[in-house]
file protein-v7.txt (compact mmCIF, N, CA and C atoms)
# COMPACT_ATOMS: atom_id res chain seq x y z
N MET A 187 43.82 26.05 47.34
CA MET A 187 44.87 25.99 48.34
C MET A 187 44.38 26.73 49.58
N SER A 188 44.75 26.27 50.70
CA SER A 188 44.28 26.90 51.94
C SER A 188 45.00 28.23 52.16
N THR A 189 44.39 29.07 52.98
CA THR A 189 44.94 30.40 53.26
C THR A 189 46.30 30.29 53.95
N ARG A 190 46.42 29.34 54.86
CA ARG A 190 47.68 29.18 55.60
C ARG A 190 48.82 28.80 54.66
N ASP A 191 48.55 27.85 53.73
CA ASP A 191 49.58 27.42 52.77
C ASP A 191 50.01 28.59 51.88
N ALA A 192 49.04 29.33 51.40
CA ALA A 192 49.34 30.46 50.52
C ALA A 192 50.14 31.52 51.28
N GLN A 193 49.78 31.77 52.54
CA GLN A 193 50.49 32.76 53.35
C GLN A 193 51.93 32.31 53.60
N LYS A 194 52.12 30.99 53.81
CA LYS A 194 53.46 30.46 54.04
C LYS A 194 54.33 30.62 52.79
N ILE A 195 53.77 30.33 51.62
CA ILE A 195 54.51 30.47 50.36
C ILE A 195 54.90 31.96 50.16
N ALA A 196 53.96 32.86 50.43
CA ALA A 196 54.22 34.29 50.27
C ALA A 196 55.32 34.74 51.22
N ASP A 197 55.28 34.28 52.47
CA ASP A 197 56.30 34.65 53.45
C ASP A 197 57.67 34.12 53.03
N ASP A 198 57.71 32.91 52.48
CA ASP A 198 58.99 32.32 52.02
C ASP A 198 59.60 33.16 50.90
N GLN A 199 58.75 33.70 50.03
CA GLN A 199 59.23 34.52 48.91
C GLN A 199 59.48 35.98 49.32
N GLY A 200 59.08 36.35 50.54
CA GLY A 200 59.26 37.72 51.00
C GLY A 200 58.25 38.67 50.36
N GLN A 201 57.09 38.13 50.02
CA GLN A 201 56.05 38.94 49.36
C GLN A 201 54.79 38.93 50.24
N ASP A 202 53.74 39.57 49.74
CA ASP A 202 52.48 39.66 50.47
C ASP A 202 51.41 38.84 49.76
N LEU A 203 50.45 38.33 50.55
CA LEU A 203 49.30 37.63 50.00
C LEU A 203 48.16 38.64 49.95
N VAL A 204 47.76 39.04 48.72
CA VAL A 204 46.76 40.09 48.53
C VAL A 204 45.47 39.47 48.01
N LEU A 205 44.35 39.81 48.68
CA LEU A 205 43.04 39.32 48.28
C LEU A 205 42.58 40.13 47.07
N VAL A 206 42.46 39.48 45.91
CA VAL A 206 42.10 40.17 44.67
C VAL A 206 40.59 40.24 44.50
N GLN A 207 39.92 39.10 44.73
CA GLN A 207 38.48 39.05 44.56
C GLN A 207 37.88 38.31 45.76
N ALA A 208 37.42 39.11 46.72
CA ALA A 208 36.92 38.53 47.96
C ALA A 208 35.57 37.84 47.77
N ASN A 209 34.77 38.30 46.81
CA ASN A 209 33.42 37.76 46.61
C ASN A 209 33.41 36.48 45.80
N GLY A 210 34.54 36.09 45.24
CA GLY A 210 34.58 34.88 44.41
C GLY A 210 34.38 33.62 45.24
N ASN A 211 34.07 32.54 44.56
CA ASN A 211 33.90 31.27 45.25
C ASN A 211 34.82 30.26 44.62
N PRO A 212 35.94 29.91 45.13
CA PRO A 212 36.56 30.40 46.36
C PRO A 212 37.18 31.79 46.16
N PRO A 213 37.45 32.52 47.26
CA PRO A 213 38.06 33.85 47.14
C PRO A 213 39.42 33.77 46.44
N VAL A 214 39.72 34.75 45.61
CA VAL A 214 40.95 34.73 44.82
C VAL A 214 41.98 35.64 45.48
N ALA A 215 43.19 35.10 45.70
CA ALA A 215 44.28 35.87 46.28
C ALA A 215 45.49 35.78 45.37
N LYS A 216 46.40 36.75 45.50
CA LYS A 216 47.57 36.80 44.63
C LYS A 216 48.80 37.10 45.47
N ILE A 217 49.91 36.46 45.13
CA ILE A 217 51.16 36.72 45.84
C ILE A 217 51.88 37.83 45.08
N MET A 218 52.09 38.98 45.77
CA MET A 218 52.74 40.13 45.12
C MET A 218 53.36 41.03 46.18
N ASP A 219 54.15 41.98 45.70
CA ASP A 219 54.72 43.00 46.59
C ASP A 219 53.69 44.12 46.70
N TRP A 220 52.97 44.17 47.83
CA TRP A 220 51.85 45.11 48.00
C TRP A 220 52.31 46.57 47.91
N GLY A 221 53.44 46.90 48.49
CA GLY A 221 53.94 48.27 48.46
C GLY A 221 54.19 48.74 47.04
N LYS A 222 54.79 47.87 46.23
CA LYS A 222 55.08 48.22 44.84
C LYS A 222 53.79 48.37 44.03
N ALA A 223 52.83 47.48 44.24
CA ALA A 223 51.55 47.54 43.52
C ALA A 223 50.80 48.81 43.88
N LYS A 224 50.81 49.18 45.16
CA LYS A 224 50.13 50.38 45.62
C LYS A 224 50.78 51.63 45.03
N PHE A 225 52.11 51.66 44.99
CA PHE A 225 52.85 52.78 44.42
C PHE A 225 52.52 52.96 42.94
N GLU A 226 52.52 51.86 42.19
CA GLU A 226 52.21 51.94 40.76
C GLU A 226 50.78 52.39 40.52
N SER A 227 49.86 51.95 41.36
CA SER A 227 48.47 52.38 41.25
C SER A 227 48.35 53.88 41.48
N GLN A 228 49.02 54.40 42.50
CA GLN A 228 49.00 55.83 42.78
C GLN A 228 49.63 56.62 41.64
N LYS A 229 50.68 56.07 41.06
CA LYS A 229 51.37 56.73 39.95
C LYS A 229 50.44 56.83 38.73
N ARG A 230 49.69 55.76 38.44
CA ARG A 230 48.74 55.77 37.33
C ARG A 230 47.64 56.80 37.57
N GLN A 231 47.11 56.84 38.80
CA GLN A 231 46.06 57.80 39.12
C GLN A 231 46.55 59.23 38.99
N LYS A 232 47.77 59.49 39.42
CA LYS A 232 48.35 60.83 39.31
C LYS A 232 48.50 61.23 37.85
N GLU A 233 48.92 60.30 37.02
CA GLU A 233 49.08 60.55 35.58
C GLU A 233 47.72 60.85 34.94
N GLN A 234 46.69 60.12 35.34
CA GLN A 234 45.34 60.35 34.80
C GLN A 234 44.83 61.73 35.19
N ARG A 235 45.07 62.13 36.44
CA ARG A 235 44.63 63.46 36.88
C ARG A 235 45.35 64.55 36.11
N LYS A 236 46.62 64.32 35.81
CA LYS A 236 47.41 65.32 35.08
C LYS A 236 46.91 65.49 33.65
N ASN A 237 46.45 64.40 33.05
CA ASN A 237 45.99 64.44 31.66
C ASN A 237 44.55 64.90 31.51
N GLN A 238 43.84 65.09 32.64
CA GLN A 238 42.45 65.54 32.58
C GLN A 238 42.38 67.00 32.20
N LYS A 239 41.38 67.35 31.38
CA LYS A 239 41.15 68.75 31.04
C LYS A 239 39.86 69.19 31.72
N ILE A 240 39.96 70.28 32.46
CA ILE A 240 38.80 70.80 33.17
C ILE A 240 38.10 71.78 32.25
N VAL A 241 36.83 71.50 31.95
CA VAL A 241 36.05 72.37 31.08
C VAL A 241 35.32 73.39 31.94
N GLN A 242 35.55 74.65 31.62
CA GLN A 242 34.88 75.72 32.34
C GLN A 242 33.72 76.25 31.52
N VAL A 243 32.75 76.84 32.20
CA VAL A 243 31.63 77.48 31.52
C VAL A 243 31.85 78.98 31.60
N LYS A 244 32.09 79.59 30.45
CA LYS A 244 32.29 81.04 30.37
C LYS A 244 30.96 81.68 30.02
N GLU A 245 30.73 82.87 30.54
CA GLU A 245 29.46 83.54 30.34
C GLU A 245 29.62 84.78 29.46
N VAL A 246 28.73 84.92 28.49
CA VAL A 246 28.69 86.11 27.63
C VAL A 246 27.32 86.75 27.83
N ARG A 247 27.32 87.97 28.38
CA ARG A 247 26.06 88.66 28.67
C ARG A 247 25.65 89.56 27.52
N MET A 248 24.36 89.56 27.25
CA MET A 248 23.81 90.37 26.18
C MET A 248 22.49 90.96 26.62
N SER A 249 21.93 91.79 25.75
CA SER A 249 20.63 92.41 25.98
C SER A 249 19.76 92.12 24.76
N PRO A 250 18.44 92.11 24.90
CA PRO A 250 17.58 91.85 23.74
C PRO A 250 17.69 92.94 22.68
N VAL A 251 18.09 94.14 23.07
CA VAL A 251 18.18 95.25 22.11
C VAL A 251 19.65 95.52 21.75
N ILE A 252 20.42 94.45 21.58
CA ILE A 252 21.85 94.56 21.28
C ILE A 252 22.06 95.07 19.86
N ASP A 253 23.03 95.96 19.71
CA ASP A 253 23.36 96.52 18.40
C ASP A 253 24.28 95.55 17.66
N SER A 254 24.40 95.70 16.35
CA SER A 254 25.20 94.76 15.55
C SER A 254 26.68 94.78 15.94
N GLY A 255 27.22 95.95 16.26
CA GLY A 255 28.63 96.04 16.66
C GLY A 255 28.89 95.31 17.97
N ASP A 256 28.00 95.52 18.95
CA ASP A 256 28.13 94.82 20.22
C ASP A 256 27.93 93.32 20.04
N PHE A 257 27.02 92.96 19.15
CA PHE A 257 26.76 91.55 18.87
C PHE A 257 28.04 90.88 18.35
N GLU A 258 28.72 91.56 17.42
CA GLU A 258 29.96 91.01 16.85
C GLU A 258 31.04 90.87 17.93
N THR A 259 31.12 91.86 18.83
CA THR A 259 32.10 91.80 19.91
C THR A 259 31.84 90.60 20.80
N ARG A 260 30.58 90.39 21.16
CA ARG A 260 30.21 89.24 22.01
C ARG A 260 30.47 87.93 21.28
N LYS A 261 30.24 87.95 19.97
CA LYS A 261 30.47 86.75 19.15
C LYS A 261 31.96 86.40 19.15
N LYS A 262 32.83 87.40 19.02
CA LYS A 262 34.28 87.16 19.03
C LYS A 262 34.73 86.60 20.38
N ALA A 263 34.15 87.13 21.46
CA ALA A 263 34.49 86.62 22.80
C ALA A 263 34.07 85.16 22.92
N ALA A 264 32.88 84.83 22.44
CA ALA A 264 32.39 83.45 22.50
C ALA A 264 33.27 82.52 21.67
N ILE A 265 33.70 82.99 20.49
CA ILE A 265 34.58 82.18 19.64
C ILE A 265 35.89 81.90 20.35
N LYS A 266 36.45 82.92 21.01
CA LYS A 266 37.70 82.76 21.74
C LYS A 266 37.55 81.70 22.84
N PHE A 267 36.45 81.76 23.59
CA PHE A 267 36.23 80.78 24.65
C PHE A 267 36.06 79.37 24.09
N LEU A 268 35.31 79.25 23.00
CA LEU A 268 35.06 77.94 22.40
C LEU A 268 36.33 77.32 21.85
N GLU A 269 37.20 78.15 21.25
CA GLU A 269 38.45 77.63 20.69
C GLU A 269 39.38 77.13 21.77
N LYS A 270 39.26 77.68 22.97
CA LYS A 270 40.08 77.19 24.09
C LYS A 270 39.50 75.92 24.70
N GLY A 271 38.32 75.49 24.23
CA GLY A 271 37.71 74.24 24.70
C GLY A 271 36.71 74.44 25.83
N ASN A 272 36.35 75.68 26.13
CA ASN A 272 35.39 75.95 27.19
C ASN A 272 33.97 75.99 26.63
N LYS A 273 33.01 75.74 27.51
CA LYS A 273 31.61 75.91 27.12
C LYS A 273 31.26 77.38 27.28
N VAL A 274 30.25 77.83 26.54
CA VAL A 274 29.83 79.23 26.61
C VAL A 274 28.35 79.29 26.98
N LYS A 275 28.05 80.09 28.00
CA LYS A 275 26.66 80.31 28.40
C LYS A 275 26.29 81.71 27.93
N LEU A 276 25.41 81.79 26.94
CA LEU A 276 24.93 83.07 26.44
C LEU A 276 23.80 83.52 27.35
N ASN A 277 24.00 84.63 28.03
CA ASN A 277 23.05 85.10 29.03
C ASN A 277 22.43 86.40 28.53
N LEU A 278 21.11 86.42 28.45
CA LEU A 278 20.38 87.59 27.96
C LEU A 278 19.52 88.12 29.10
N ARG A 279 19.82 89.34 29.55
CA ARG A 279 19.08 89.90 30.69
C ARG A 279 17.99 90.84 30.21
N PHE A 280 16.77 90.59 30.66
CA PHE A 280 15.62 91.46 30.34
C PHE A 280 15.49 92.49 31.45
N ARG A 281 15.36 93.77 31.06
CA ARG A 281 15.22 94.84 32.05
C ARG A 281 13.90 95.57 31.80
N GLY A 282 13.23 95.88 32.88
CA GLY A 282 11.99 96.64 32.78
C GLY A 282 10.92 95.91 32.00
N ARG A 283 10.34 96.63 31.02
CA ARG A 283 9.24 96.04 30.24
C ARG A 283 9.70 95.14 29.10
N MET A 284 11.01 94.98 28.94
CA MET A 284 11.53 94.09 27.89
C MET A 284 11.06 92.66 28.09
N ILE A 285 10.74 92.31 29.32
CA ILE A 285 10.36 90.93 29.66
C ILE A 285 9.11 90.50 28.87
N THR A 286 8.31 91.45 28.42
CA THR A 286 7.11 91.10 27.66
C THR A 286 7.45 90.66 26.24
N HIS A 287 8.69 90.94 25.79
CA HIS A 287 9.11 90.58 24.42
C HIS A 287 10.18 89.49 24.46
N GLN A 288 9.82 88.36 25.05
CA GLN A 288 10.78 87.26 25.16
C GLN A 288 11.14 86.68 23.80
N ASP A 289 10.24 86.82 22.84
CA ASP A 289 10.50 86.30 21.49
C ASP A 289 11.69 87.02 20.86
N ILE A 290 11.86 88.31 21.10
CA ILE A 290 13.00 89.06 20.55
C ILE A 290 14.30 88.53 21.17
N GLY A 291 14.28 88.30 22.48
CA GLY A 291 15.46 87.75 23.15
C GLY A 291 15.83 86.38 22.63
N ARG A 292 14.81 85.55 22.42
CA ARG A 292 15.06 84.21 21.89
C ARG A 292 15.68 84.28 20.50
N GLU A 293 15.22 85.23 19.68
CA GLU A 293 15.78 85.40 18.33
C GLU A 293 17.25 85.78 18.40
N VAL A 294 17.62 86.67 19.35
CA VAL A 294 19.03 87.09 19.49
C VAL A 294 19.89 85.88 19.86
N LEU A 295 19.44 85.07 20.81
CA LEU A 295 20.20 83.89 21.22
C LEU A 295 20.31 82.87 20.08
N GLU A 296 19.20 82.66 19.39
CA GLU A 296 19.20 81.70 18.28
C GLU A 296 20.12 82.18 17.14
N ARG A 297 20.14 83.48 16.91
CA ARG A 297 21.01 84.03 15.86
C ARG A 297 22.48 83.80 16.22
N MET A 298 22.83 84.02 17.48
CA MET A 298 24.20 83.80 17.93
C MET A 298 24.56 82.32 17.77
N ALA A 299 23.67 81.43 18.19
CA ALA A 299 23.92 79.99 18.08
C ALA A 299 24.09 79.58 16.61
N GLU A 300 23.28 80.18 15.73
CA GLU A 300 23.34 79.87 14.30
C GLU A 300 24.67 80.33 13.70
N GLU A 301 25.14 81.53 14.11
CA GLU A 301 26.40 82.05 13.57
C GLU A 301 27.61 81.29 14.09
N LEU A 302 27.49 80.67 15.26
CA LEU A 302 28.59 79.89 15.83
C LEU A 302 28.43 78.40 15.56
N ASP A 303 27.50 78.04 14.69
CA ASP A 303 27.18 76.63 14.43
C ASP A 303 28.37 75.83 13.91
N ASP A 304 29.28 76.46 13.17
CA ASP A 304 30.42 75.72 12.61
C ASP A 304 31.44 75.29 13.68
N ILE A 305 31.53 76.03 14.80
CA ILE A 305 32.50 75.66 15.84
C ILE A 305 31.85 75.20 17.14
N ALA A 306 30.53 75.36 17.25
CA ALA A 306 29.86 74.99 18.51
C ALA A 306 28.52 74.33 18.25
N LYS A 307 28.13 73.48 19.19
CA LYS A 307 26.79 72.87 19.11
C LYS A 307 26.00 73.32 20.34
N VAL A 308 24.70 73.41 20.18
CA VAL A 308 23.84 73.85 21.27
C VAL A 308 23.68 72.70 22.25
N GLU A 309 24.12 72.93 23.48
CA GLU A 309 24.00 71.89 24.50
C GLU A 309 22.69 72.04 25.27
N GLN A 310 22.23 73.27 25.40
CA GLN A 310 20.96 73.51 26.08
C GLN A 310 20.26 74.65 25.37
N ARG A 311 19.06 74.38 24.90
CA ARG A 311 18.26 75.38 24.18
C ARG A 311 17.95 76.59 25.06
N ALA A 312 17.51 77.68 24.43
CA ALA A 312 17.16 78.91 25.14
C ALA A 312 16.08 78.63 26.18
N LYS A 313 16.33 79.10 27.40
CA LYS A 313 15.44 78.79 28.51
C LYS A 313 15.39 80.00 29.45
N MET A 314 14.20 80.29 29.96
CA MET A 314 14.04 81.42 30.87
C MET A 314 14.40 80.99 32.29
N ASP A 315 15.02 81.93 33.02
CA ASP A 315 15.36 81.72 34.42
C ASP A 315 15.16 83.06 35.12
N GLY A 316 13.96 83.29 35.63
CA GLY A 316 13.64 84.59 36.23
C GLY A 316 13.55 85.65 35.15
N ARG A 317 14.36 86.69 35.25
CA ARG A 317 14.38 87.76 34.24
C ARG A 317 15.49 87.55 33.22
N GLN A 318 16.07 86.37 33.20
CA GLN A 318 17.16 86.08 32.26
C GLN A 318 16.80 84.90 31.38
N MET A 319 17.33 84.93 30.18
CA MET A 319 17.19 83.80 29.26
C MET A 319 18.61 83.37 28.92
N PHE A 320 18.86 82.09 28.92
CA PHE A 320 20.21 81.64 28.61
C PHE A 320 20.20 80.45 27.67
N LEU A 321 21.34 80.26 27.01
CA LEU A 321 21.54 79.17 26.06
C LEU A 321 22.99 78.72 26.25
N VAL A 322 23.24 77.42 26.29
CA VAL A 322 24.59 76.91 26.51
C VAL A 322 25.12 76.28 25.23
N LEU A 323 26.34 76.68 24.85
CA LEU A 323 27.03 76.15 23.67
C LEU A 323 28.25 75.36 24.11
N ALA A 324 28.51 74.24 23.45
CA ALA A 324 29.70 73.43 23.72
C ALA A 324 30.52 73.36 22.44
N PRO A 325 31.85 73.35 22.55
CA PRO A 325 32.68 73.31 21.35
C PRO A 325 32.52 71.98 20.61
N ARG A 326 32.55 72.06 19.28
CA ARG A 326 32.53 70.83 18.47
C ARG A 326 33.92 70.21 18.51
N LYS A 327 33.97 68.91 18.42
CA LYS A 327 35.27 68.22 18.44
C LYS A 327 36.00 68.47 17.13
N ALA A 328 37.29 68.78 17.22
CA ALA A 328 38.10 69.00 16.02
C ALA A 328 38.35 67.67 15.34
N LYS A 329 38.24 67.67 14.01
CA LYS A 329 38.40 66.40 13.28
C LYS A 329 39.78 66.28 12.71

call {"tool": "encode", "arguments": {"input": "protein-v7.txt", "output": "structure tokens"}}
result
Amino acid sequence: MSTRDAQKIADDQGQDLVLVQANGNPPVAKIMDWGKAKFESQKRQKEQRKNQKIVQVKEVRMSPVIDSGDFETRKKAAIKFLEKGNKVKLNLRFRGRMITHQDIGREVLERMAEELDDIAKVEQRAKMDGRQMFLVLAPRKAK
């Protein structure tokens, strides 16, 4: 049908002629109330934004020479963050000559990841960044 005929039919019905697929051969148009369609589209988008969950990355700082009591405290903090659905970045800072013993730091991070294995999965393995080593944990999906 020609564009003029379609526009005339739309005007007679008090509606709008909306181009649905401009790249089609021939182009596809639809007779509808454009204001109502636009409103419903905005309403759907608003609903989708409301239902979105923003995942934050929480940081837990440690040292390579961490004591068992401090380790447990940091572990509890990480568990709390993971249960809320946030990711956890375990950050291990090397100070002074500790940097020569990166293997000890890696063991501390791996031990934490192993103890949190039931509620978290390792998203990024232990990696050096300057004088810091970090590991990222993401919460496991609840079944």

call {"tool": "residues_near_point", "arguments": {"input": "protein-v7.txt", "point": "(31.5, 73.7, 32.0)", "cutoff": "7 Å", "atoms": "only C-alpha atoms", "output": "list in words"}}
result
Val241, Gln242, Val243, Asn272 and Lys273 of chain A

call {"tool": "atom_distance", "arguments": {"input": "protein-v7.txt", "atom1": "atom CA of A:Ser227", "atom2": "atom CA of A:Leu203"}}
result
17.2 Å

call {"tool": "closest_residue", "arguments": {"input": "protein-v7.txt", "among": "A:Gln234, A:Met314, A:Pro325, A:Arg292", "to": "A:Val274", "atoms": "all atoms listed in the file"}}
result
A:Pro325

call {"tool": "select_by_dssp", "arguments": {"input": "protein-v7.txt", "residues": "chain A", "states": "strand (DSSP E)", "output": "ChimeraX atom specification"}}
result
/A:202-207,214-218,243-248,273-279,306-315,318-325

call {"tool": "atom_distance", "arguments": {"input": "protein-v7.txt", "atom1": "atom N of A:Trp220", "atom2": "atom C of A:Val204"}}
result
8.9 Å

call {"tool": "closest_residue", "arguments": {"input": "protein-v7.txt", "among": "A:Arg297, A:Lys270, A:Lys307, A:Lys313", "to": "A:Lys327", "atoms": "only N, CA and C atoms"}}
result
A:Lys307

call {"tool": "closest_atom_pairs", "arguments": {"input": "protein-v7.txt", "of": "stretch 278-318 of chain A", "to": "stretch 245-255 of chain A", "cutoff": "5 Å", "atoms": "only N, CA and C atoms", "output": "CSV"}}
result
residue,atom,partner,partner_atom,distance
A:Leu278,CA,A:Met248,C,4.2
A:Arg279,N,A:Met248,C,4.3
A:Gly291,CA,A:Pro250,CA,4.7
